[in-house]
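Asker: Got a file for you: entry_21.txt, compact mmCIF, C-alpha atoms.
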```
# COMPACT_ATOMS: atom_id res chain seq x y z
CA MET A 1 17.18 6.30 -22.93
CA GLY A 2 19.60 5.46 -20.10
CA VAL A 3 16.84 5.41 -17.51
CA ILE A 4 14.62 3.24 -19.71
CA ALA A 5 17.46 0.74 -20.01
CA LEU A 6 17.49 0.35 -16.22
CA VAL A 7 13.93 -0.98 -16.14
CA ASP A 8 13.25 -4.69 -16.11
CA SER A 9 10.79 -4.25 -18.97
CA ALA A 10 9.73 -7.91 -19.04
CA ALA A 11 8.76 -7.80 -15.36
CA LEU A 12 7.07 -4.44 -15.84
CA LEU A 13 5.06 -5.75 -18.80
CA GLU A 14 4.14 -8.93 -16.91
CA SER A 15 2.98 -6.85 -13.97
CA ALA A 16 0.95 -4.46 -16.20
CA VAL A 17 -0.79 -7.23 -18.15
CA ALA A 18 -1.60 -9.18 -14.98
CA SER A 19 -2.96 -5.99 -13.36
CA VAL A 20 -5.27 -5.17 -16.26
CA LEU A 21 -6.55 -8.74 -16.65
CA ALA A 22 -7.08 -9.28 -12.94
CA GLY A 23 -8.47 -5.83 -12.08
CA ALA A 24 -10.92 -5.55 -14.95
CA GLY A 25 -11.64 -9.30 -14.92
CA ILE A 26 -12.67 -9.31 -11.26
CA ALA A 27 -15.03 -6.36 -11.77
CA ILE A 28 -16.57 -7.87 -14.92
CA ALA A 29 -17.00 -11.32 -13.37
CA PHE A 30 -18.66 -9.93 -10.23
CA SER A 31 -20.90 -7.60 -12.27
CA LEU A 32 -22.01 -10.53 -14.40
CA ALA A 33 -22.81 -12.49 -11.24
CA ILE A 34 -24.95 -9.63 -9.93
CA TYR A 35 -26.63 -9.25 -13.31
CA GLY A 36 -27.38 -12.97 -13.42
CA ILE A 37 -28.75 -13.08 -9.87
CA ALA A 38 -31.00 -10.03 -10.45
CA ARG A 39 -32.29 -11.32 -13.81
CA PHE A 40 -32.84 -14.79 -12.34
CA GLY A 41 -35.15 -13.28 -9.72
CA ASP A 42 -37.05 -11.27 -12.35
CA ALA A 43 -37.40 -14.28 -14.67
CA ARG A 44 -38.64 -16.54 -11.89
CA ARG A 45 -41.25 -14.01 -10.85
CA GLY A 46 -42.23 -13.62 -14.54
CA ASP A 47 -42.55 -17.41 -14.85
CA ALA A 48 -39.91 -17.62 -17.61
CA PRO A 49 -37.94 -20.80 -16.86
CA VAL A 50 -35.61 -20.61 -19.88
CA ALA A 51 -34.60 -17.04 -19.12
CA ALA A 52 -34.22 -17.96 -15.44
CA GLY A 53 -31.94 -20.86 -16.35
CA PHE A 54 -29.85 -18.63 -18.61
CA ALA A 55 -29.58 -15.97 -15.90
CA ALA A 56 -28.64 -18.59 -13.29
CA THR A 57 -25.88 -19.86 -15.58
CA ILE A 58 -24.48 -16.35 -15.97
CA ALA A 59 -24.62 -15.87 -12.19
CA VAL A 60 -22.84 -19.14 -11.45
CA LEU A 61 -20.17 -18.53 -14.10
CA GLY A 62 -19.63 -14.98 -12.88
CA LEU A 63 -19.34 -15.99 -9.24
CA THR A 64 -17.03 -18.89 -10.11
CA ALA A 65 -14.76 -16.67 -12.21
CA TRP A 66 -14.70 -14.04 -9.46
CA ALA A 67 -13.83 -16.55 -6.73
CA ALA A 68 -11.28 -18.25 -8.98
CA ALA A 69 -9.54 -14.96 -9.82
CA ILE A 70 -9.19 -14.09 -6.14
CA THR A 71 -8.01 -17.60 -5.23
CA VAL A 72 -5.47 -17.67 -8.06
CA GLY A 73 -4.12 -14.26 -6.99
CA ILE A 74 -3.59 -15.47 -3.44
CA LEU A 75 -2.11 -18.80 -4.58
CA ILE A 76 0.39 -17.01 -6.81
CA MET A 77 1.47 -14.93 -3.84
CA VAL A 78 1.75 -17.94 -1.55
CA GLY A 79 3.69 -19.84 -4.22
CA ASP A 80 6.09 -16.90 -4.36
CA ARG A 81 6.77 -17.16 -0.59
CA THR A 82 10.03 -19.03 -0.95
CA MET B 1 29.07 -3.43 20.97
CA SER B 2 28.18 0.04 19.65
CA ASP B 3 26.85 -1.58 16.45
CA ASP B 4 24.62 -3.83 18.57
CA VAL B 5 23.13 -0.78 20.30
CA VAL B 6 22.48 0.89 16.95
CA VAL B 7 20.93 -2.30 15.51
CA VAL B 8 18.55 -2.40 18.49
CA LEU B 9 17.66 1.25 17.80
CA VAL B 10 17.11 0.39 14.11
CA VAL B 11 14.78 -2.48 15.00
CA ALA B 12 12.80 -0.30 17.43
CA THR B 13 12.58 2.56 14.91
CA ALA B 14 11.61 0.15 12.13
CA PHE B 15 8.74 -1.14 14.24
CA ALA B 16 7.67 2.44 14.95
CA PHE B 17 7.79 3.07 11.19
CA ALA B 18 5.74 -0.08 10.49
CA PHE B 19 3.20 1.07 13.08
CA THR B 20 2.86 4.47 11.39
CA ASN B 21 2.75 2.68 8.03
CA GLY B 22 -0.18 0.68 9.37
CA PHE B 23 -2.27 3.56 10.64
CA HIS B 24 -1.27 5.75 7.70
CA ASP B 25 -1.56 3.47 4.66
CA THR B 26 -4.19 1.05 5.84
CA ALA B 27 -6.47 3.95 6.45
CA GLU B 28 -6.34 4.30 2.70
CA VAL B 29 -7.04 0.60 2.27
CA ILE B 30 -10.32 0.68 4.18
CA ALA B 31 -11.48 4.22 3.36
CA THR B 32 -13.52 3.11 0.35
CA SER B 33 -15.33 0.39 2.35
CA ILE B 34 -16.23 2.88 5.05
CA SER B 35 -17.32 5.69 2.74
CA THR B 36 -19.71 3.41 0.80
CA LYS B 37 -20.98 1.92 4.11
CA ALA B 38 -19.93 -1.56 2.99
CA LEU B 39 -18.54 -2.13 6.50
CA PRO B 40 -18.89 -0.33 9.85
CA PRO B 41 -15.65 1.55 10.62
CA ARG B 42 -14.54 -0.54 13.59
CA LEU B 43 -15.14 -3.82 11.77
CA ALA B 44 -13.37 -2.52 8.66
CA VAL B 45 -10.34 -1.53 10.75
CA ALA B 46 -10.23 -4.82 12.67
CA SER B 47 -10.55 -7.01 9.59
CA ALA B 48 -7.96 -4.93 7.71
CA ALA B 49 -5.56 -5.32 10.66
CA ILE B 50 -5.90 -9.10 10.64
CA LEU B 51 -5.56 -9.38 6.85
CA THR B 52 -2.60 -6.99 6.73
CA PHE B 53 -0.90 -9.13 9.40
CA ALA B 54 -1.63 -12.28 7.37
CA GLY B 55 -0.52 -10.66 4.11
CA ALA B 56 2.91 -9.95 5.54
CA PHE B 57 3.66 -13.69 5.58
CA ILE B 58 2.68 -14.33 1.97
CA SER B 59 5.65 -13.01 -0.02
CA LEU B 60 9.22 -11.84 0.60
CA GLN B 61 10.13 -10.55 -2.87
CA VAL B 62 9.81 -6.90 -1.92
CA ALA B 63 11.82 -7.38 1.29
CA ALA B 64 14.62 -8.89 -0.80
CA THR B 65 14.51 -5.94 -3.21
CA ILE B 66 14.78 -3.41 -0.37
CA ALA B 67 17.57 -5.32 1.37
CA ASP B 68 19.68 -6.02 -1.72
CA GLU B 69 18.87 -3.71 -4.62
CA MET B 70 18.54 -0.12 -3.40
CA VAL B 71 21.90 0.68 -1.80
CA GLU B 72 25.31 -1.02 -1.68
CA VAL B 73 25.29 -3.18 1.44
CA ASP B 74 29.04 -2.68 1.92
CA ALA B 75 28.57 1.09 2.20
CA VAL B 76 25.72 0.85 4.68
CA THR B 77 26.10 0.84 8.45
CA PRO B 78 23.31 0.40 11.02
CA ALA B 79 23.57 4.17 11.66
CA VAL B 80 22.82 4.86 7.97
CA VAL B 81 19.75 2.62 8.11
CA LEU B 82 18.61 4.32 11.33
CA ALA B 83 18.95 7.78 9.75
CA GLY B 84 17.00 6.59 6.70
CA LEU B 85 14.22 5.24 8.88
CA ILE B 86 14.04 8.53 10.75
CA GLY B 87 13.63 10.34 7.41
CA GLY B 88 10.75 8.05 6.47
CA LEU B 89 9.16 8.20 9.90
CA ALA B 90 9.30 12.00 9.98
CA TRP B 91 7.50 12.31 6.64
CA ASN B 92 4.90 9.71 7.64
CA LEU B 93 4.07 11.63 10.81
CA LEU B 94 4.02 15.01 9.11
CA THR B 95 1.60 13.86 6.42
CA TRP B 96 -0.55 12.06 9.00
CA TYR B 97 -0.67 15.29 11.01
CA PHE B 98 -2.08 17.14 8.01
CA GLY B 99 -4.30 14.23 6.92
CA LEU B 100 -2.51 13.71 3.58
CA PRO B 101 -2.30 10.21 2.07
CA ALA B 102 1.39 10.36 1.12
CA SER B 103 3.49 7.27 0.49
CA SER B 104 5.20 5.48 3.39
CA SER B 105 7.16 3.42 0.88
CA HIS B 106 8.61 6.41 -0.91
CA ALA B 107 9.35 8.04 2.43
CA LEU B 108 11.28 4.98 3.59
CA ILE B 109 13.28 4.54 0.39
CA GLY B 110 13.83 8.30 0.10
CA GLY B 111 15.14 8.41 3.68
CA LEU B 112 17.42 5.45 3.06
CA VAL B 113 18.82 6.86 -0.17
CA GLY B 114 19.34 10.29 1.48
CA SER B 115 21.22 8.88 4.47
CA THR B 116 23.31 6.61 2.24
CA ILE B 117 24.33 9.53 0.03
CA ALA B 118 25.23 11.58 3.14
CA ALA B 119 27.33 8.72 4.48
CA ALA B 120 28.99 7.28 1.39
CA GLY B 121 28.16 9.46 -1.60
CA THR B 122 26.04 8.80 -4.66
CA ASP B 123 28.17 5.80 -5.74
CA ALA B 124 26.66 3.80 -2.87
CA VAL B 125 23.19 4.09 -4.37
CA ILE B 126 22.33 1.31 -6.85
CA ALA B 127 20.89 3.25 -9.79
CA ASP B 128 19.47 0.11 -11.45
CA GLY B 129 17.54 -0.76 -8.31
CA VAL B 130 16.35 2.75 -7.44
CA PHE B 131 15.24 3.64 -10.98
CA GLY B 132 14.37 0.25 -12.43
CA LYS B 133 12.73 -1.36 -9.43
CA PHE B 134 11.42 1.66 -7.60
CA LEU B 135 11.08 5.05 -9.28
CA ILE B 136 9.72 4.04 -12.68
CA PRO B 137 7.28 1.42 -11.35
CA ALA B 138 6.29 3.99 -8.71
CA VAL B 139 5.32 6.47 -11.41
CA LEU B 140 3.59 3.90 -13.61
CA ALA B 141 1.69 2.00 -10.90
CA PRO B 142 -0.85 4.73 -10.00
CA VAL B 143 -1.42 5.37 -13.71
CA ALA B 144 -2.02 1.63 -14.20
CA ALA B 145 -4.43 1.58 -11.24
CA LEU B 146 -6.26 4.61 -12.62
CA VAL B 147 -6.66 3.03 -16.06
CA VAL B 148 -7.61 -0.43 -14.73
CA SER B 149 -10.10 1.11 -12.32
CA ALA B 150 -11.64 3.25 -15.08
CA VAL B 151 -11.98 0.21 -17.38
CA ALA B 152 -13.44 -1.83 -14.51
CA ILE B 153 -16.00 0.80 -13.53
CA LEU B 154 -17.12 1.40 -17.14
CA ALA B 155 -17.54 -2.35 -17.68
CA ALA B 156 -19.38 -2.77 -14.38
CA TYR B 157 -21.79 0.13 -15.07
CA ARG B 158 -22.45 -1.24 -18.55
CA ILE B 159 -23.36 -4.66 -17.14
CA VAL B 160 -25.42 -3.63 -14.10
CA GLY B 161 -26.66 -0.26 -15.39
CA GLY B 162 -30.17 -1.53 -16.14
CA LEU B 163 -30.70 -3.15 -12.74
CA ARG B 164 -32.45 -1.65 -9.71
CA PRO B 165 -30.01 0.67 -7.90
CA GLY B 166 -30.84 -0.76 -4.47
CA THR B 167 -30.00 -4.30 -5.55
CA VAL B 168 -26.76 -3.18 -7.18
CA THR B 169 -25.65 -1.21 -4.14
CA ARG B 170 -26.37 -4.05 -1.72
CA ALA B 171 -24.58 -6.59 -3.92
CA PHE B 172 -21.50 -4.45 -4.46
CA ARG B 173 -21.27 -3.70 -0.75
CA ILE B 174 -21.00 -7.45 -0.20
CA GLY B 175 -18.39 -7.59 -2.98
CA GLN B 176 -16.51 -4.79 -1.26
CA THR B 177 -16.04 -6.85 1.90
CA VAL B 178 -14.06 -9.31 -0.25
CA SER B 179 -12.26 -6.76 -2.46
CA GLY B 180 -11.40 -4.70 0.64
CA GLY B 181 -10.01 -7.82 2.29
CA LEU B 182 -7.95 -8.62 -0.79
CA LEU B 183 -6.62 -5.07 -0.79
CA ALA B 184 -5.64 -5.35 2.89
CA LEU B 185 -3.90 -8.64 2.13
CA ALA B 186 -2.09 -7.05 -0.83
CA HIS B 187 -1.10 -4.13 1.38
CA GLY B 188 0.38 -6.52 3.94
CA THR B 189 2.40 -8.36 1.29
CA ASN B 190 3.86 -5.14 -0.08
CA ASP B 191 4.22 -2.75 2.85
CA ALA B 192 5.20 -4.96 5.79
CA GLN B 193 8.03 -6.26 3.64
CA LYS B 194 9.63 -2.83 3.44
CA THR B 195 10.16 -2.85 7.20
CA MET B 196 11.46 -6.42 6.98
CA GLY B 197 13.86 -5.41 4.21
CA VAL B 198 15.23 -2.47 6.18
CA ILE B 199 15.73 -4.51 9.38
CA THR B 200 17.46 -7.23 7.34
CA LEU B 201 19.69 -4.59 5.77
CA ALA B 202 20.65 -3.31 9.26
CA LEU B 203 21.31 -6.86 10.49
CA VAL B 204 23.60 -7.49 7.50
CA ALA B 205 25.32 -4.12 7.96
CA GLY B 206 25.79 -4.84 11.68
CA GLY B 207 27.28 -8.27 10.96
CA SER B 208 24.44 -10.26 12.54
CA LEU B 209 23.48 -11.76 9.16
CA SER B 210 25.52 -12.56 6.07
CA ASP B 211 24.73 -10.75 2.81
CA GLY B 212 22.00 -12.53 0.83
CA SER B 213 20.58 -14.30 3.90
CA ASP B 214 16.86 -15.01 4.17
CA VAL B 215 14.73 -12.66 6.22
CA PRO B 216 14.63 -14.16 9.77
CA PHE B 217 11.21 -15.32 10.94
CA TRP B 218 11.21 -13.05 14.00
CA VAL B 219 11.64 -10.08 11.66
CA VAL B 220 8.71 -11.23 9.50
CA PHE B 221 6.48 -11.83 12.53
CA SER B 222 7.40 -8.60 14.33
CA ALA B 223 7.00 -6.42 11.24
CA ALA B 224 3.63 -8.04 10.53
CA ALA B 225 2.53 -7.45 14.13
CA ALA B 226 3.68 -3.80 14.11
CA ILE B 227 1.86 -2.95 10.89
CA GLY B 228 -1.20 -4.91 12.09
CA PHE B 229 -1.35 -2.97 15.37
CA GLY B 230 -0.83 0.28 13.47
CA THR B 231 -3.74 -0.64 11.24
CA TYR B 232 -5.93 -1.27 14.25
CA GLY B 233 -4.87 2.12 15.63
CA GLY B 234 -6.49 3.59 12.52
CA GLY B 235 -5.79 6.82 10.68
CA TRP B 236 -9.17 8.49 10.68
CA ARG B 237 -7.96 11.80 9.29
CA ILE B 238 -6.67 10.07 6.16
CA ILE B 239 -9.77 7.88 5.90
CA ARG B 240 -11.80 11.07 5.63
CA THR B 241 -9.59 12.47 2.85
CA MET B 242 -9.49 9.24 0.85
CA GLY B 243 -13.02 8.08 1.39
CA MET B 244 -14.98 11.29 1.13
CA ARG B 245 -12.95 14.22 -0.10
CA ILE B 246 -11.53 13.03 -3.47
CA ILE B 247 -14.83 11.74 -4.87
CA LYS B 248 -18.20 10.84 -3.42
CA MET B 249 -18.20 7.13 -4.12
CA ASP B 250 -20.93 4.61 -4.65
CA ALA B 251 -20.48 0.90 -3.93
CA VAL B 252 -19.69 0.00 -7.58
CA GLN B 253 -16.92 2.59 -7.65
CA GLY B 254 -15.58 1.44 -4.28
CA PHE B 255 -15.52 -2.16 -5.47
CA SER B 256 -13.80 -1.29 -8.76
CA ALA B 257 -11.21 0.93 -7.08
CA GLN B 258 -10.39 -1.73 -4.47
CA SER B 259 -10.26 -4.65 -6.92
CA SER B 260 -8.08 -2.75 -9.40
CA SER B 261 -5.72 -1.51 -6.70
CA ALA B 262 -5.38 -4.99 -5.21
CA ALA B 263 -4.62 -6.43 -8.66
CA VAL B 264 -1.90 -3.84 -9.33
CA ILE B 265 -0.31 -4.27 -5.87
CA LEU B 266 -0.35 -8.08 -5.98
CA ALA B 267 1.05 -8.19 -9.52
CA SER B 268 3.83 -5.76 -8.56
CA SER B 269 4.67 -7.59 -5.33
CA TYR B 270 4.96 -10.79 -7.33
CA VAL B 271 7.73 -9.37 -9.51
CA GLY B 272 9.35 -7.57 -6.56
CA PHE B 273 8.47 -3.91 -7.26
CA PRO B 274 8.19 -2.08 -3.92
CA LEU B 275 5.53 0.36 -5.08
CA SER B 276 3.45 2.69 -2.99
CA THR B 277 0.07 1.29 -1.97
CA THR B 278 -1.00 4.88 -1.29
CA HIS B 279 -0.35 5.95 -4.85
CA VAL B 280 -2.02 2.88 -6.29
CA ILE B 281 -5.17 3.24 -4.19
CA SER B 282 -5.37 6.96 -4.91
CA GLY B 283 -5.01 6.18 -8.64
CA GLY B 284 -7.77 3.59 -8.34
CA VAL B 285 -10.12 5.98 -6.53
CA ILE B 286 -9.49 8.80 -9.03
CA GLY B 287 -9.93 6.39 -11.97
CA ALA B 288 -13.25 5.17 -10.58
CA GLY B 289 -14.43 8.75 -10.13
CA ALA B 290 -13.14 10.19 -13.39
CA ALA B 291 -14.55 7.39 -15.56
CA ARG B 292 -18.01 8.03 -14.21
CA ARG B 293 -17.94 11.82 -14.23
CA LEU B 294 -14.76 13.85 -14.73
CA PRO B 295 -15.92 16.94 -12.77
CA GLY B 296 -17.00 14.61 -9.93
CA VAL B 297 -13.36 14.29 -8.89
CA ARG B 298 -12.25 17.05 -6.53
CA TRP B 299 -9.13 17.85 -8.47
CA GLY B 300 -7.96 20.37 -5.86
CA VAL B 301 -7.73 17.61 -3.24
CA ALA B 302 -6.13 15.28 -5.80
CA GLY B 303 -3.64 18.07 -6.60
CA ASN B 304 -2.72 18.47 -2.91
CA ILE B 305 -2.08 14.74 -2.72
CA GLY B 306 0.05 14.94 -5.87
CA PHE B 307 2.01 17.83 -4.37
CA ALA B 308 2.66 15.80 -1.20
CA TRP B 309 3.85 12.89 -3.38
CA ALA B 310 6.30 15.12 -5.24
CA LEU B 311 7.75 16.33 -1.93
CA THR B 312 8.04 12.87 -0.36
CA LEU B 313 11.36 11.74 -1.81
CA PRO B 314 13.28 15.02 -1.42
CA ILE B 315 12.00 15.75 2.10
CA ALA B 316 12.40 12.22 3.44
CA GLY B 317 15.82 12.06 1.76
CA GLY B 318 16.77 15.44 3.21
CA VAL B 319 15.70 14.45 6.73
CA GLY B 320 17.53 11.12 6.36
CA ALA B 321 20.70 12.93 5.29
CA ALA B 322 20.35 15.52 8.07
CA ALA B 323 19.77 12.80 10.69
CA TYR B 324 22.95 11.08 9.55
CA GLY B 325 24.79 14.40 9.65
CA VAL B 326 23.72 14.98 13.28
CA MET B 327 24.74 11.42 14.19
CA ARG B 328 28.15 11.94 12.64
CA ALA B 329 28.55 15.22 14.53
CA PHE B 330 28.01 13.38 17.82
CA GLY B 331 29.91 10.27 16.73
CA THR B 332 28.52 7.32 14.78
CA GLY B 333 29.57 4.78 17.43
CA SER B 334 26.47 4.78 19.56
CA ALA B 335 26.34 8.31 21.03
CA GLY B 336 25.12 10.00 17.83
CA PRO B 337 22.45 7.40 17.00
CA VAL B 338 21.18 7.38 20.60
CA ILE B 339 20.93 11.19 20.70
CA VAL B 340 19.10 11.31 17.35
CA ALA B 341 16.77 8.44 18.31
CA VAL B 342 15.87 10.07 21.64
CA GLY B 343 15.34 13.42 19.92
CA THR B 344 13.06 11.76 17.36
CA ALA B 345 11.07 10.00 20.08
CA LEU B 346 10.55 13.33 21.87
CA LEU B 347 9.40 14.99 18.65
CA ILE B 348 6.95 12.17 17.98
CA ALA B 349 5.56 12.44 21.51
CA ALA B 350 5.15 16.21 21.08
CA LEU B 351 3.36 15.74 17.75
CA PHE B 352 0.95 13.14 19.16
CA THR B 353 0.25 15.27 22.21
CA ARG B 354 -0.49 18.33 20.08
CA ARG B 355 -2.78 16.33 17.80
CA ALA B 356 -4.55 14.76 20.79
CA ARG B 357 -5.18 18.21 22.29
CA GLN B 358 -6.62 19.44 19.00
CA GLY B 359 -8.84 16.35 18.90
CA ALA B 360 -8.63 14.00 15.95
CA PRO B 361 -11.99 13.14 14.38
CA VAL B 362 -13.40 9.87 15.67
CA PRO B 363 -15.73 7.89 13.48
CA ALA B 364 -19.25 7.03 14.47
CA GLY B 365 -19.99 3.37 15.10
```
Please render this file's structure as structure tokens.
Answerer:
Amino acid sequence: MGVIALVDSAALLESAVASVLAGAGIAIAFSLAIYGIARFGDARRGDAPVAAGFAATIAVLGLTAWAAAITVGILIMVGDRT
Amino acid sequence: MSDDVVVVLVVATAFAFAFTNGFHDTAEVIATSISTKALPPRLAVASAAILTFAGAFISLQVAATIADEMVEVDAVTPAVVLAGLIGGLAWNLLTWYFGLPASSSHALIGGLVGSTIAAAGTDAVIADGVFGKFLIPAVLAPVAALVVSAVAILAAYRIVGGLRPGTVTRAFRIGQTVSGGLLALAHGTNDAQKTMGVITLALVAGGSLSDGSDVPFWVVFSAAAAIGFGTYGGGWRIIRTMGMRIIKMDAVQGFSAQSSSAAVILASSYVGFPLSTTHVISGGVIGAGAARRLPGVRWGVAGNIGFAWALTLPIAGGVGAAAYGVMRAFGTGSAGPVIVAVGTALLIAALFTRRARQGAPVPAG
């Protein structure tokens, strides 16, 4: 009980939530991008423009989310510099 | 005058510690990229060195925690800081010698707490800081990395599981160049700051800085350079343990382990928890392996690493306390610290010579 009271639980919770969201989010976003790119290639070869468009959208969204997550992480750190 | 001599010794020892931190911990940072062949070893080491150097400039939260919240500044002298650094340095070198990925951060804080207790008793240790900002986050962080990495790898396999393996591997190797870079950056923000914090503490204790001062730029730059050079020196023995001996990783696992570890380290640095990058990365690697196939993790190797972790604080603390005891025996003016520092330098030289004669493994490429 005494030891628990010493912990800054708000900071610990903030750190844990941010870790889970960022860690899993980055992996999911990048996986979606890969999925979209691979399916886009298959759909184009199979002459399925609608499926290709859908796959391209997933790829772009995945890549954007991945790049954004990394950029936000770095910006938060830089903002914390002072 | 004698304090000035000791502060110079502290700065020199702190840079030596940062150098060992670089070749020790950053080996762990790049091990996953090398083992999955995402990057050639030399390129992985060089890019990690540059990004670790850059990362050191990003945040100073952890440096402030080390300088202000672990031990009472009034009770600390430059000799106490020097003894603490020697405790951390000794453990770093010992674990490097045996190729074990133990924590430089825990070694440093353990050494500092040990030397402070030897010099001024347990009252000089700030329990809130040591437990609340260090020990408890230190225990929880690898667990968090393990869980996040396991969730990440399960999600990734679910999404890309139906794709051609060759495509997936090539794509995730590219992803690993970014996630590995992010991890090196995160490592720089967290680990270089520990050296900065300790030097700042010595400067305050020696009267060169007032309590609560900002970390001077030369300290930031020098600590970043020392850890960057250490990274470039490389710790190939630990790379082998981390990258190949815990689990045999594929590129998806490497990516998930790196991304999850970077997320945990960056989030913790942001709130000022000086956690161990070693523990976090090991947790990430084990999580990525266990989520895919539990028996695929070499639990014996993981157990050895866990055993080394458990010994880190008591041994580094014990060496820190003993170093301070020897200094006090010879006089804490400048004679004792000089004798201990020279003795430590000779021991380090002997250790490196012995390891060089035995021949450390050198990577291909």
Asker: Hey, which of B:Met249, B:Ala16, B:Ala202, B:Ala56 ends up closest to chain A? Count all atoms listed in the file.
Answerer: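 For chain A, the nearest of the given residues is B:Ala56.
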Asker: At a cut-off of 6 Å, which residues of chain B touch chain A? Count all atoms listed in the file and give the answer as a list in words.
Answerer: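 Listing them in order of chain and number gives Ile58, Ser59, Leu60, Asp128, Gly132, Val148, Ala152, Ala156, Val160, Ser259, Ser260, Ala263, Val264, Ala267 and Ser268 of chain B.
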Asker: Can you pull out the residues contacting Ala52 of chain A? Cut-off 8 Å, using only C-alpha atoms, and skip same-chain residues under 2 positions away; I want them as JSON, numbers by chain.
Answerer: {"A": [39, 40, 41, 42, 43, 44, 48, 49, 50, 54, 55, 56]}
Asker: Report as a ChimeraX atom specification all protein, DNA and RNA residues lying within 9 Å of Ser103 of chain B, evaluated on all atoms listed in the file, omitting residues in the same chain fewer than 6 positions from it.
Answerer: /B:21,24-25,91-92,276-279,308-309,312
Asker: Figure out the distance between atom CA of Gly233 of chain B and atom CA of Val81 of chain B, please, to one decimal in Å.
Answerer: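 Between atom CA of Val81 of chain B and atom CA of Gly233 of chain B the gap works out to 25.7 Å.
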Asker: For segment 184-195 of chain B, work out the shell of residues within 7 Å, counting only C-alpha atoms and skipping chain neighbours fewer than 5 positions away, then give it as a PyMOL selection string.
Answerer: chain B and resi 14+18+29+48+51-60+62-63+66+223-224+227+262+265-266+269+274+277
Asker: What is the distance, in Å and to one decimal place, between atom CA of Leu140 of chain B and atom CA of Leu108 of chain B?
Answerer: 18.9 Å
Asker: What's the separation between atom CA of Ala102 of chain B and atom CA of Val6 of chain B, in Å to one decimal place?
Answerer: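 According to the coordinates, atom CA of Ala102 of chain B and atom CA of Val6 of chain B are separated by 28.0 Å.
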